file upload-v6.cif (mmCIF, C-alpha atoms and all ligand atoms)
data_protein
loop_
_atom_site.label_atom_id
_atom_site.label_comp_id
_atom_site.auth_asym_id
_atom_site.auth_seq_id
_atom_site.Cartn_x
_atom_site.Cartn_y
_atom_site.Cartn_z
CA MET A 116 11.57 -25.70 15.17
CA THR A 117 10.38 -28.85 13.40
CA ALA A 118 8.35 -28.38 10.21
CA PRO A 119 5.33 -26.32 11.27
CA MET A 120 1.85 -27.79 10.79
CA PHE A 121 -0.03 -24.97 9.14
CA THR A 122 -3.77 -24.60 9.41
CA PRO A 123 -5.90 -25.41 6.34
CA SER A 124 -6.75 -21.67 6.18
CA ALA A 125 -3.08 -20.64 6.11
CA MET A 126 -2.35 -23.29 3.47
CA ARG A 127 -4.82 -21.64 1.09
CA VAL A 128 -3.01 -18.27 1.22
CA LYS A 129 -0.25 -18.00 -1.37
CA ARG A 130 2.37 -15.38 -2.22
CA SER A 131 0.74 -13.33 -4.95
CA PRO A 132 2.36 -12.91 -8.37
CA ILE A 133 2.47 -9.16 -7.65
CA GLU A 134 4.67 -9.76 -4.59
CA ARG A 135 6.83 -12.20 -6.56
CA VAL A 136 7.35 -9.76 -9.42
CA SER A 137 8.08 -6.83 -7.07
CA ALA A 138 11.06 -8.79 -5.78
CA LEU A 139 12.44 -8.99 -9.36
CA ILE A 140 12.30 -5.25 -10.02
CA GLY A 141 15.81 -3.82 -9.84
CA GLN A 142 17.38 -0.51 -10.78
CA GLY A 143 16.76 0.16 -14.44
CA THR A 144 13.79 -2.19 -14.68
CA ILE A 145 10.77 -0.46 -16.22
CA ASN A 146 7.97 -1.26 -13.82
CA LEU A 147 4.78 -2.14 -15.70
CA ALA A 148 3.79 -4.39 -12.80
CA GLY A 149 3.01 -2.30 -9.72
CA GLY A 150 -0.29 -1.09 -8.32
CA SER A 151 1.14 1.95 -6.55
CA PRO A 152 0.29 5.43 -7.81
CA ASP A 153 2.66 7.57 -9.83
CA PRO A 154 5.36 8.71 -7.35
CA SER A 155 5.30 12.16 -8.95
CA LEU A 156 1.71 12.53 -7.70
CA ILE A 157 2.35 11.64 -4.05
CA PRO A 158 2.29 15.09 -2.38
CA LEU A 159 5.54 14.75 -0.41
CA GLU A 160 5.78 18.38 0.69
CA LYS A 161 2.18 18.44 1.89
CA LEU A 162 2.72 15.17 3.73
CA ARG A 163 5.86 16.54 5.38
CA GLU A 164 3.93 19.65 6.49
CA ALA A 165 1.00 17.60 7.73
CA TYR A 166 3.24 15.30 9.81
CA THR A 167 4.94 18.34 11.35
CA GLN A 168 1.63 20.05 12.11
CA ILE A 169 0.17 16.89 13.65
CA ILE A 170 3.18 16.36 15.91
CA GLU A 171 3.03 20.02 17.00
CA GLU A 172 -0.71 19.82 17.61
CA TYR A 173 -1.00 16.41 19.27
CA GLY A 174 2.53 15.80 20.60
CA ALA A 175 3.11 12.27 21.89
CA LYS A 176 -0.60 11.50 21.49
CA SER A 177 -0.01 11.28 17.75
CA PHE A 178 1.77 8.04 18.57
CA PHE A 179 -0.72 6.58 21.08
CA TYR A 180 -2.77 3.50 20.27
CA PRO A 181 -5.48 4.44 17.77
CA GLY A 182 -8.42 2.50 19.25
CA ALA A 183 -10.80 0.37 17.18
CA GLY A 184 -12.92 1.75 14.37
CA GLY A 185 -10.92 4.87 13.54
CA LEU A 186 -10.34 8.36 14.97
CA ASP A 187 -13.23 10.84 14.97
CA GLN A 188 -11.15 13.42 13.10
CA LEU A 189 -10.64 11.06 10.17
CA ILE A 190 -14.17 9.64 10.19
CA HIS A 191 -15.50 13.20 9.98
CA GLN A 192 -13.32 13.93 6.94
CA LEU A 193 -14.10 10.59 5.29
CA LYS A 194 -17.83 11.37 5.49
CA LYS A 195 -17.19 14.53 3.48
CA TRP A 196 -14.93 12.58 1.10
CA CYS A 197 -17.76 10.10 0.47
CA ALA A 198 -20.11 13.00 -0.25
CA THR A 199 -17.60 14.49 -2.73
CA LEU A 200 -17.43 11.17 -4.57
CA ASP A 201 -21.19 10.59 -4.43
CA ILE A 202 -20.76 7.31 -2.59
CA GLY A 203 -23.61 7.59 -0.10
CA GLY A 204 -24.01 7.73 3.68
CA GLY A 205 -23.74 5.23 6.50
CA GLU A 206 -21.36 4.30 9.30
CA ILE A 207 -17.65 4.50 8.55
CA ILE A 208 -15.06 2.17 10.02
CA VAL A 209 -11.46 3.13 9.29
CA THR A 210 -9.25 0.26 8.14
CA SER A 211 -5.63 -0.22 7.11
CA GLY A 212 -6.47 0.07 3.44
CA ALA A 213 -9.11 -1.75 1.41
CA GLN A 214 -7.16 -4.98 1.84
CA HIS A 215 -7.62 -4.90 5.62
CA ALA A 216 -11.27 -3.90 5.18
CA ILE A 217 -11.89 -6.99 3.08
CA THR A 218 -10.04 -9.27 5.47
CA GLN A 219 -12.14 -7.94 8.35
CA LEU A 220 -15.36 -8.30 6.36
CA CYS A 221 -14.47 -11.90 5.57
CA ALA A 222 -13.65 -12.50 9.26
CA ALA A 223 -17.04 -11.06 10.18
CA LEU A 224 -19.19 -12.69 7.51
CA LEU A 225 -17.59 -15.81 6.05
CA SER A 226 -17.45 -19.29 7.58
CA ALA A 227 -15.59 -22.16 5.97
CA GLN A 228 -18.80 -23.66 4.50
CA ASP A 229 -20.10 -20.35 3.09
CA ALA A 230 -20.10 -19.89 -0.68
CA TYR A 231 -19.19 -16.55 -2.26
CA VAL A 232 -19.19 -15.38 -5.85
CA HIS A 233 -16.34 -13.38 -7.31
CA GLU A 234 -15.38 -12.07 -10.71
CA ASN A 235 -13.13 -14.09 -12.99
CA PRO A 236 -10.49 -12.80 -13.34
CA THR A 237 -10.29 -10.87 -10.10
CA PHE A 238 -7.75 -9.14 -7.86
CA VAL A 239 -5.64 -12.00 -6.58
CA GLU A 240 -4.55 -10.29 -3.34
CA THR A 241 -8.03 -9.75 -1.90
CA MET A 242 -8.87 -13.34 -2.82
CA ASN A 243 -6.32 -14.41 -0.21
CA SER A 244 -8.62 -12.92 2.45
CA PHE A 245 -11.64 -14.77 1.07
CA LEU A 246 -9.73 -18.02 0.72
CA PHE A 247 -8.37 -17.78 4.26
CA TYR A 248 -11.93 -17.87 5.59
CA SER A 249 -13.61 -20.10 3.01
CA PRO A 250 -12.50 -22.25 0.06
CA GLN A 251 -16.01 -22.06 -1.47
CA GLY A 252 -15.36 -19.35 -4.09
CA GLU A 253 -17.40 -19.43 -7.30
CA PRO A 254 -15.95 -17.49 -10.25
CA VAL A 255 -18.23 -15.69 -12.74
CA ALA A 256 -16.77 -14.30 -15.96
CA VAL A 257 -16.24 -10.58 -16.58
CA ASP A 258 -16.50 -8.90 -19.99
CA ASP A 259 -16.21 -5.30 -21.12
CA GLN A 260 -19.41 -4.39 -19.21
CA GLY A 261 -18.29 -5.96 -15.92
CA ILE A 262 -19.44 -9.18 -14.26
CA GLN A 263 -21.74 -11.17 -16.54
CA THR A 264 -24.92 -10.94 -14.53
CA SER A 265 -26.87 -13.19 -16.92
CA ILE A 266 -24.50 -16.07 -16.07
CA LEU A 267 -24.84 -15.22 -12.39
CA GLU A 268 -28.62 -15.18 -12.65
CA SER A 269 -28.85 -18.58 -14.30
CA ARG A 270 -26.60 -20.02 -11.58
CA LEU A 271 -28.69 -18.42 -8.85
CA LYS A 272 -31.83 -19.94 -10.33
CA THR A 273 -30.46 -23.47 -9.97
CA ARG A 274 -28.90 -23.12 -6.52
CA LYS A 275 -30.62 -24.50 -3.42
CA SER A 276 -29.51 -21.48 -1.39
CA PRO A 277 -27.86 -18.20 -2.41
CA PRO A 278 -24.17 -17.51 -1.88
CA LYS A 279 -23.46 -15.49 1.24
CA LEU A 280 -21.36 -12.81 -0.46
CA LEU A 281 -20.50 -11.47 -3.87
CA TYR A 282 -17.19 -9.65 -4.28
CA THR A 283 -16.83 -7.14 -7.11
CA VAL A 284 -14.49 -4.38 -8.28
CA PRO A 285 -17.03 -2.54 -10.42
CA THR A 286 -14.98 0.53 -11.29
CA ALA A 287 -11.62 0.25 -13.09
CA HIS A 288 -11.43 -3.49 -12.53
CA ASN A 289 -8.15 -5.06 -11.47
CA PRO A 290 -6.77 -6.59 -13.71
CA LEU A 291 -9.13 -5.91 -16.70
CA GLY A 292 -9.48 -2.13 -16.39
CA VAL A 293 -13.18 -2.30 -17.32
CA THR A 294 -15.97 -0.45 -15.50
CA MET A 295 -19.31 -2.10 -14.91
CA SER A 296 -22.10 -0.59 -17.02
CA GLU A 297 -25.09 1.08 -15.38
CA GLU A 298 -27.35 -1.69 -16.72
CA ARG A 299 -25.23 -4.46 -15.17
CA ARG A 300 -25.01 -2.51 -11.92
CA LYS A 301 -28.80 -2.36 -11.75
CA HIS A 302 -29.13 -6.04 -12.61
CA LEU A 303 -26.56 -7.08 -10.02
CA VAL A 304 -28.27 -5.12 -7.29
CA GLU A 305 -31.67 -6.56 -8.30
CA LEU A 306 -30.21 -10.07 -8.02
CA ALA A 307 -28.81 -9.30 -4.55
CA GLN A 308 -32.24 -8.03 -3.48
CA LYS A 309 -34.10 -10.97 -5.01
CA TYR A 310 -31.83 -13.77 -3.81
CA GLY A 311 -30.66 -12.16 -0.57
CA PHE A 312 -26.87 -12.01 -0.74
CA THR A 313 -24.53 -9.21 0.27
CA ILE A 314 -22.34 -7.46 -2.27
CA ILE A 315 -18.88 -6.29 -1.23
CA GLU A 316 -18.13 -3.32 -3.50
CA ASP A 317 -14.35 -2.87 -3.56
CA ASP A 318 -13.82 0.58 -5.05
CA PRO A 319 -10.26 1.90 -4.60
CA TYR A 320 -10.09 3.45 -8.09
CA ARG A 321 -13.23 5.64 -7.80
CA PRO A 322 -11.27 8.82 -6.91
CA ILE A 323 -9.23 8.55 -10.11
CA SER A 324 -12.05 7.32 -12.37
CA LYS A 325 -14.91 8.83 -14.31
CA PRO A 326 -17.99 9.23 -12.13
CA THR A 327 -20.33 6.22 -11.95
CA ARG A 328 -23.12 5.28 -9.56
CA THR A 329 -21.96 3.10 -6.70
CA LEU A 330 -23.77 -0.18 -6.15
CA TYR A 331 -23.98 0.99 -2.55
CA SER A 332 -26.03 4.06 -3.47
CA MET A 333 -28.39 1.85 -5.48
CA SER A 334 -29.16 -0.47 -2.57
CA PRO A 335 -27.37 0.39 0.70
CA GLU A 336 -29.02 -2.52 2.54
CA ASN A 337 -27.54 -5.11 0.17
CA VAL A 338 -24.09 -3.63 -0.34
CA VAL A 339 -21.07 -3.03 1.88
CA TYR A 340 -18.81 -0.37 0.41
CA VAL A 341 -15.01 -0.49 0.68
CA GLY A 342 -13.02 2.67 -0.08
CA SER A 343 -9.34 3.54 -0.06
CA LEU A 344 -7.03 6.52 -0.21
CA SER A 345 -4.20 4.40 -1.62
CA LYS A 346 -4.63 5.47 -5.24
CA ALA A 347 -5.49 9.15 -4.80
CA LEU A 348 -3.06 9.86 -1.94
CA ALA A 349 -0.55 7.16 -0.94
CA PRO A 350 -0.80 3.41 -0.30
CA GLY A 351 1.90 3.45 2.38
CA LEU A 352 -0.37 5.46 4.68
CA ARG A 353 -2.63 2.39 4.74
CA ILE A 354 -5.91 4.27 4.98
CA GLY A 355 -9.13 2.68 3.80
CA PHE A 356 -12.64 2.36 5.14
CA VAL A 357 -15.85 0.37 5.22
CA LEU A 358 -19.17 2.13 4.73
CA THR A 359 -22.29 0.30 5.84
CA THR A 360 -25.87 0.96 6.89
CA SER A 361 -25.71 -2.00 9.27
CA HIS A 362 -24.90 -0.82 12.78
CA ALA A 363 -24.45 -4.45 13.82
CA LEU A 364 -21.80 -4.98 11.11
CA ALA A 365 -20.05 -1.71 12.01
CA GLU A 366 -19.92 -2.80 15.65
CA LYS A 367 -18.59 -6.25 14.74
CA LEU A 368 -15.85 -4.70 12.60
CA ARG A 369 -14.86 -2.53 15.58
CA ASP A 370 -14.75 -5.67 17.74
CA LEU A 371 -12.55 -7.39 15.17
CA GLU A 372 -10.16 -4.45 14.99
CA GLN A 373 -9.20 -5.25 18.57
CA MET A 374 -7.32 -8.21 17.08
CA ASP A 375 -4.83 -6.06 15.16
CA PHE A 376 -5.34 -2.53 16.55
CA SER A 377 -5.89 -1.48 12.93
CA THR A 378 -4.53 1.74 11.54
CA SER A 379 -1.58 3.91 12.62
CA THR A 380 -2.71 6.89 14.73
CA VAL A 381 -0.35 9.39 13.16
CA ASN A 382 -1.29 8.31 9.64
CA GLN A 383 -4.99 8.70 10.42
CA LEU A 384 -4.39 12.22 11.76
CA VAL A 385 -2.20 13.17 8.79
CA THR A 386 -4.79 11.87 6.34
CA ALA A 387 -7.53 13.80 8.15
CA LYS A 388 -5.40 16.95 7.88
CA ILE A 389 -4.78 16.42 4.16
CA LEU A 390 -8.47 15.75 3.49
CA GLU A 391 -9.41 18.83 5.53
CA SER A 392 -7.11 20.97 3.38
CA GLY A 393 -9.05 19.95 0.26
CA LEU A 394 -5.77 19.19 -1.53
CA ILE A 395 -6.73 15.88 -3.16
CA GLN A 396 -10.32 16.92 -3.78
CA SER A 397 -9.04 19.87 -5.84
CA LYS A 398 -6.76 17.60 -7.89
CA LEU A 399 -9.13 14.73 -8.70
CA GLY A 400 -9.70 15.91 -12.29
CA ASP A 401 -5.93 16.22 -12.84
CA LEU A 402 -5.30 12.78 -11.36
CA ARG A 403 -7.88 11.19 -13.67
CA GLU A 404 -6.43 12.92 -16.71
CA HIS A 405 -2.86 12.04 -15.75
CA TYR A 406 -3.64 8.32 -15.57
CA ALA A 407 -5.92 8.44 -18.63
CA SER A 408 -3.12 10.00 -20.69
CA LYS A 409 -0.65 7.36 -19.50
CA MET A 410 -3.13 4.64 -20.46
CA ARG A 411 -3.63 6.20 -23.91
CA LEU A 412 0.14 6.09 -24.41
CA MET A 413 0.29 2.47 -23.23
CA LEU A 414 -2.47 1.46 -25.68
CA GLU A 415 -0.83 3.39 -28.52
CA SER A 416 2.54 1.72 -27.83
CA LEU A 417 0.91 -1.70 -27.71
CA ARG A 418 -1.02 -1.05 -30.92
CA GLU A 419 2.15 0.08 -32.77
CA ASN A 420 3.52 -3.35 -31.94
CA GLY A 421 0.43 -5.28 -32.99
CA LEU A 422 -0.80 -5.88 -29.43
CA GLU A 423 -4.30 -5.15 -28.08
CA PRO A 424 -5.73 -5.46 -24.58
CA ILE A 425 -8.38 -8.14 -24.10
CA TYR A 426 -10.88 -5.38 -23.26
CA GLN A 427 -10.45 -1.62 -23.61
CA PRO A 428 -9.60 -0.36 -20.12
CA GLN A 429 -11.87 2.49 -19.06
CA ASP A 430 -10.07 3.81 -16.00
CA GLY A 431 -7.52 2.91 -13.36
CA PHE A 432 -4.05 1.44 -13.76
CA PHE A 433 -4.42 -1.85 -15.58
CA CYS A 434 -4.99 -3.61 -18.83
CA LEU A 435 -4.77 -7.29 -19.61
CA VAL A 436 -3.01 -8.55 -22.73
CA ASN A 437 -2.95 -12.04 -24.21
CA THR A 438 0.63 -12.72 -25.33
CA ASN A 439 -0.13 -16.18 -26.74
CA THR A 440 2.90 -17.46 -24.89
CA TYR A 441 3.40 -18.85 -21.40
CA ALA A 442 3.54 -15.66 -19.32
CA GLU A 443 5.77 -16.95 -16.49
CA GLU A 444 8.52 -17.85 -18.98
CA LEU A 445 8.06 -14.57 -20.81
CA LEU A 446 8.50 -12.71 -17.52
CA LEU A 447 11.97 -14.20 -16.96
CA LYS A 448 13.09 -13.03 -20.41
CA ALA A 449 11.44 -9.64 -19.96
CA VAL A 450 13.11 -9.00 -16.61
CA LYS A 451 16.51 -9.74 -18.21
CA LEU A 452 15.63 -7.13 -20.85
CA GLY A 453 14.66 -4.62 -18.15
CA VAL A 454 10.86 -4.64 -17.99
CA ALA A 455 8.48 -6.21 -15.47
CA PHE A 456 4.77 -7.10 -15.68
CA VAL A 457 2.52 -9.46 -13.76
CA PRO A 458 1.69 -12.89 -15.24
CA ALA A 459 -2.09 -13.03 -14.87
CA SER A 460 -2.94 -16.72 -14.49
CA GLU A 461 -3.37 -16.40 -10.72
CA PHE A 462 -6.03 -13.73 -11.23
CA TYR A 463 -8.08 -16.53 -12.83
CA PHE A 464 -9.82 -19.13 -10.70
CA ASP A 465 -10.63 -21.63 -13.45
CA ASN A 466 -7.10 -22.65 -14.41
CA THR A 467 -7.01 -20.36 -17.48
CA GLY A 468 -5.21 -17.12 -18.33
CA HIS A 469 -1.72 -18.68 -18.54
CA THR A 470 -0.77 -16.56 -21.54
CA ASN A 471 -2.23 -13.31 -20.18
CA ILE A 472 -0.25 -10.51 -18.56
CA ARG A 473 -1.35 -7.53 -16.49
CA LEU A 474 0.27 -4.27 -17.53
CA SER A 475 0.15 -1.24 -15.25
CA ILE A 476 0.51 2.48 -15.92
CA GLY A 477 0.53 3.26 -12.17
CA PRO A 478 4.06 3.83 -10.86
CA VAL A 479 5.96 3.95 -14.18
CA ASP A 480 7.19 7.31 -15.42
CA LYS A 481 5.08 8.21 -18.45
CA SER A 482 8.12 8.81 -20.67
CA LEU A 483 9.24 5.19 -20.11
CA ILE A 484 6.02 3.49 -21.24
CA PRO A 485 6.96 3.17 -24.96
CA GLU A 486 10.38 1.76 -24.10
CA GLY A 487 8.76 -0.63 -21.60
CA VAL A 488 6.51 -1.93 -24.36
CA ASN A 489 9.51 -2.19 -26.75
CA ARG A 490 11.33 -4.34 -24.21
CA LEU A 491 8.24 -6.50 -23.75
CA VAL A 492 8.02 -6.99 -27.51
CA LYS A 493 11.73 -7.91 -27.65
CA ALA A 494 11.07 -10.56 -25.00
CA LEU A 495 8.13 -11.86 -27.04
CA ASN A 496 10.29 -12.02 -30.17
CA GLN A 497 13.02 -13.90 -28.30
CA ASN A 498 10.36 -16.32 -27.15
CA GLU A 499 9.18 -16.94 -30.70
CA GLN A 500 12.74 -17.56 -31.88
CA ALA A 501 13.53 -19.99 -29.03
C1 LIG B 1 -9.14 -4.01 -6.46
C2 LIG B 1 -8.26 -3.69 -5.31
N1 LIG B 1 -8.70 -3.89 -4.08
C3 LIG B 1 -7.95 -3.61 -3.01
C4 LIG B 1 -6.66 -3.12 -3.15
C5 LIG B 1 -5.86 -2.83 -1.94
O1 LIG B 1 -5.95 -1.47 -1.66
P1 LIG B 1 -5.41 -0.83 -0.33
O2 LIG B 1 -4.06 -0.27 -0.61
O3 LIG B 1 -6.40 0.23 0.02
O4 LIG B 1 -5.37 -1.91 0.71
C6 LIG B 1 -6.15 -2.90 -4.43
C7 LIG B 1 -4.77 -2.43 -4.62
O5 LIG B 1 -4.19 -2.49 -5.65
C8 LIG B 1 -6.98 -3.19 -5.54
O6 LIG B 1 -6.55 -3.00 -6.80
#

call {"tool": "encode", "arguments": {"input": "upload-v6.cif", "output": "structure tokens"}}
result
Amino acid sequence: MTAPMFTPSAMRVKRSPIERVSALIGQGTINLAGGSPDPSLIPLEKLREAYTQIIEEYGAKSFFYPGAGGLDQLIHQLKKWCATLDIGGGEIIVTSGAQHAITQLCAALLSAQDAYVHENPTFVETMNSFLFYSPQGEPVAVDDQGIQTSILESRLKTRKSPPKLLYTVPTAHNPLGVTMSEERRKHLVELAQKYGFTIIEDDPYRPISKPTRTLYSMSPENVVYVGSLSKALAPGLRIGFVLTTSHALAEKLRDLEQMDFSTSTVNQLVTAKILESGLIQSKLGDLREHYASKMRLMLESLRENGLEPIYQPQDGFFCLVNTNTYAEELLLKAVKLGVAFVPASEFYFDNTGHTNIRLSIGPVDKSLIPEGVNRLVKALNQNEQA
């Protein structure tokens, strides 16, 4: 084939730094990069049992096409899951993870000329979905209380028309680890009501975070909620969902799922079985504490070496650290010394953040965190000497 002529949309989608770094992680590398949960918390035995039970119960039908919008068995369980997490009610559309939910929402709601606001920094992978549909992203800075709604408000005041969408990760932000304060949540929702834009609340860390009010519960008409079982159960199952009070949006998402046939039938049934058993619901407190204790150890190890995160992470997997050195070069040295992290510049959409790195406590074994930080510090020292 001659050199393909890619579409402008495809040209805007880039390989994320997380994907790039994953390819560098070999045996013996301490992984402070990944967004997967701790492998010791993925309930392998329960999953094995659930797959066996589903195959016995449904036979070959476990492997039929799933149909658009999700299986009734899973939707029923997800409604209860939402109630457990105080998320609110509405129509549920099952998706292949939060990532797929956001891609479908962008396909449904975003045309190439539509503006959307997003946090800066923000999760680089979901931005690919936004960028595919529209290049008109407008970054607004985040601090330790979440998106800076005063900056947003002054921008909204001077705009001729409001942005169509606002994308936020209010709880356990990726990559900053901060959780939006109640006051900012209220202000953000008021702005959405006043100026008439829709908030996409991307909330995959809620099950492993301290309870907060969802933006969705504050104003269901102005917010579309995106949930995921990737962090509390397993990302490889690819189970997420959209929750909305708009029947028209729910129907459109079902239409759009005809384009990719969405989520594996057997994985939906297995997830429904696991949710029905109450297994993860009974462990939510333990999950939160497990990750909180890993984060405490990460912060302690950083502090012992004179490093501090930009903001104190409140929940989730990530913290962001300014290394005062070009992070891409540091990564090459660090990988040679056996530790991986994600250079954070691509989480920024204003050409900043080149010296920042995202550190994760997700998949790494807790006992390896101090040594991971030691190796990072060695790489930093080598950099200074060079
Ligand atoms: C903020 C955020 N949104 C979405 C996702 C994707 O989640 P899922 O595995 O449900 O697609 C992640 C995964 O790391 C994330 O951190």

call {"tool": "atom_distance", "arguments": {"input": "upload-v6.cif", "atom1": "CA of Leu139 in chain A", "atom2": "CA of His215 in chain A"}}
result
25.4 Å

call {"tool": "closest_residue", "arguments": {"input": "upload-v6.cif", "among": "A:Glu372, A:Asp258, A:Glu366, A:Asp317", "to": "Ser343 in chain A", "atoms": "all atoms listed in the file"}}
result
A:Asp317

call {"tool": "residues_near_ligand", "arguments": {"input": "upload-v6.cif", "ligand": "ligand LIG 1 (chain B)", "cutoff": "9 Å", "atoms": "all atoms listed in the file", "output": "ChimeraX atom specification"}}
result
/A:149-151,210-217,237-241,283-290,317-320,341-346,349-356,431-432

call {"tool": "write_last_selection", "arguments": {"input": "upload-v6.cif", "atoms": "C-alpha atoms", "output": "PDB file, in the coordinates of the input"}}
result
ATOM      1  CA  GLY A 149       3.010  -2.300  -9.720  1.00  0.00           C
ATOM      2  CA  GLY A 150      -0.290  -1.090  -8.320  1.00  0.00           C
ATOM      3  CA  SER A 151       1.140   1.950  -6.550  1.00  0.00           C
ATOM      4  CA  THR A 210      -9.250   0.260   8.140  1.00  0.00           C
ATOM      5  CA  SER A 211      -5.630  -0.220   7.110  1.00  0.00           C
ATOM      6  CA  GLY A 212      -6.470   0.070   3.440  1.00  0.00           C
ATOM      7  CA  ALA A 213      -9.110  -1.750   1.410  1.00  0.00           C
ATOM      8  CA  GLN A 214      -7.160  -4.980   1.840  1.00  0.00           C
ATOM      9  CA  HIS A 215      -7.620  -4.900   5.620  1.00  0.00           C
ATOM     10  CA  ALA A 216     -11.270  -3.900   5.180  1.00  0.00           C
ATOM     11  CA  ILE A 217     -11.890  -6.990   3.080  1.00  0.00           C
ATOM     12  CA  THR A 237     -10.290 -10.870 -10.100  1.00  0.00           C
ATOM     13  CA  PHE A 238      -7.750  -9.140  -7.860  1.00  0.00           C
ATOM     14  CA  VAL A 239      -5.640 -12.000  -6.580  1.00  0.00           C
ATOM     15  CA  GLU A 240      -4.550 -10.290  -3.340  1.00  0.00           C
ATOM     16  CA  THR A 241      -8.030  -9.750  -1.900  1.00  0.00           C
ATOM     17  CA  THR A 283     -16.830  -7.140  -7.110  1.00  0.00           C
ATOM     18  CA  VAL A 284     -14.490  -4.380  -8.280  1.00  0.00           C
ATOM     19  CA  PRO A 285     -17.030  -2.540 -10.420  1.00  0.00           C
ATOM     20  CA  THR A 286     -14.980   0.530 -11.290  1.00  0.00           C
ATOM     21  CA  ALA A 287     -11.620   0.250 -13.090  1.00  0.00           C
ATOM     22  CA  HIS A 288     -11.430  -3.490 -12.530  1.00  0.00           C
ATOM     23  CA  ASN A 289      -8.150  -5.060 -11.470  1.00  0.00           C
ATOM     24  CA  PRO A 290      -6.770  -6.590 -13.710  1.00  0.00           C
ATOM     25  CA  ASP A 317     -14.350  -2.870  -3.560  1.00  0.00           C
ATOM     26  CA  ASP A 318     -13.820   0.580  -5.050  1.00  0.00           C
ATOM     27  CA  PRO A 319     -10.260   1.900  -4.600  1.00  0.00           C
ATOM     28  CA  TYR A 320     -10.090   3.450  -8.090  1.00  0.00           C
ATOM     29  CA  VAL A 341     -15.010  -0.490   0.680  1.00  0.00           C
ATOM     30  CA  GLY A 342     -13.020   2.670  -0.080  1.00  0.00           C
ATOM     31  CA  SER A 343      -9.340   3.540  -0.060  1.00  0.00           C
ATOM     32  CA  LEU A 344      -7.030   6.520  -0.210  1.00  0.00           C
ATOM     33  CA  SER A 345      -4.200   4.400  -1.620  1.00  0.00           C
ATOM     34  CA  LYS A 346      -4.630   5.470  -5.240  1.00  0.00           C
ATOM     35  CA  ALA A 349      -0.550   7.160  -0.940  1.00  0.00           C
ATOM     36  CA  PRO A 350      -0.800   3.410  -0.300  1.00  0.00           C
ATOM     37  CA  GLY A 351       1.900   3.450   2.380  1.00  0.00           C
ATOM     38  CA  LEU A 352      -0.370   5.460   4.680  1.00  0.00           C
ATOM     39  CA  ARG A 353      -2.630   2.390   4.740  1.00  0.00           C
ATOM     40  CA  ILE A 354      -5.910   4.270   4.980  1.00  0.00           C
ATOM     41  CA  GLY A 355      -9.130   2.680   3.800  1.00  0.00           C
ATOM     42  CA  PHE A 356     -12.640   2.360   5.140  1.00  0.00           C
ATOM     43  CA  GLY A 431      -7.520   2.910 -13.360  1.00  0.00           C
ATOM     44  CA  PHE A 432      -4.050   1.440 -13.760  1.00  0.00           C
TER      45      PHE A 432
END

call {"tool": "residues_around", "arguments": {"input": "upload-v6.cif", "residues": "range 222-236 of chain A", "least_positions_apart": "5", "cutoff": "7 Å", "atoms": "all atoms listed in the file", "output": "mmCIF file with C-alpha atoms, keeping the file's coordinate frame"}}
result
data_model
loop_
_atom_site.group_PDB
_atom_site.id
_atom_site.type_symbol
_atom_site.label_atom_id
_atom_site.label_comp_id
_atom_site.auth_asym_id
_atom_site.auth_seq_id
_atom_site.Cartn_x
_atom_site.Cartn_y
_atom_site.Cartn_z
ATOM 1 C CA TYR A 248 -11.930 -17.870 5.590
ATOM 2 C CA SER A 249 -13.610 -20.100 3.010
ATOM 3 C CA PRO A 250 -12.500 -22.250 0.060
ATOM 4 C CA GLN A 251 -16.010 -22.060 -1.470
ATOM 5 C CA GLY A 252 -15.360 -19.350 -4.090
ATOM 6 C CA GLU A 253 -17.400 -19.430 -7.300
ATOM 7 C CA PRO A 254 -15.950 -17.490 -10.250
ATOM 8 C CA VAL A 255 -18.230 -15.690 -12.740
ATOM 9 C CA ALA A 256 -16.770 -14.300 -15.960
ATOM 10 C CA VAL A 257 -16.240 -10.580 -16.580
ATOM 11 C CA ILE A 262 -19.440 -9.180 -14.260
ATOM 12 C CA PRO A 278 -24.170 -17.510 -1.880
ATOM 13 C CA LYS A 279 -23.460 -15.490 1.240
ATOM 14 C CA LEU A 280 -21.360 -12.810 -0.460
ATOM 15 C CA LEU A 281 -20.500 -11.470 -3.870
ATOM 16 C CA TYR A 282 -17.190 -9.650 -4.280
ATOM 17 C CA THR A 283 -16.830 -7.140 -7.110
ATOM 18 C CA LYS A 367 -18.590 -6.250 14.740
ATOM 19 C CA LEU A 368 -15.850 -4.700 12.600
ATOM 20 C CA PHE A 462 -6.030 -13.730 -11.230
ATOM 21 C CA TYR A 463 -8.080 -16.530 -12.830
ATOM 22 C CA PHE A 464 -9.820 -19.130 -10.700
#

call {"tool": "closest_residue", "arguments": {"input": "upload-v6.cif", "among": "A:Val338, A:Ser379, A:Gln142, A:Ala347", "to": "Ser397 in chain A", "atoms": "all atoms listed in the file"}}
result
A:Ala347

call {"tool": "closest_residue", "arguments": {"input": "upload-v6.cif", "among": "A:Leu452, A:Leu246, A:Leu162, A:Ile133", "to": "Ala148 in chain A", "atoms": "all atoms listed in the file"}}
result
A:Ile133

call {"tool": "atom_distance", "arguments": {"input": "upload-v6.cif", "atom1": "CA of Pro181 in chain A", "atom2": "CA of Ser377 in chain A"}}
result
7.7 Å

call {"tool": "residues_around", "arguments": {"input": "upload-v6.cif", "residues": "Glu444 in chain A", "least_positions_apart": "5", "cutoff": "10 Å", "atoms": "only C-alpha atoms", "output": "list in words"}}
result
Ala449, Pro458, Thr470, Ala494 and Asn498 of chain A

call {"tool": "atom_distance", "arguments": {"input": "upload-v6.cif", "atom1": "CA of Glu298 in chain A", "atom2": "CA of Glu268 in chain A"}}
result
14.1 Å
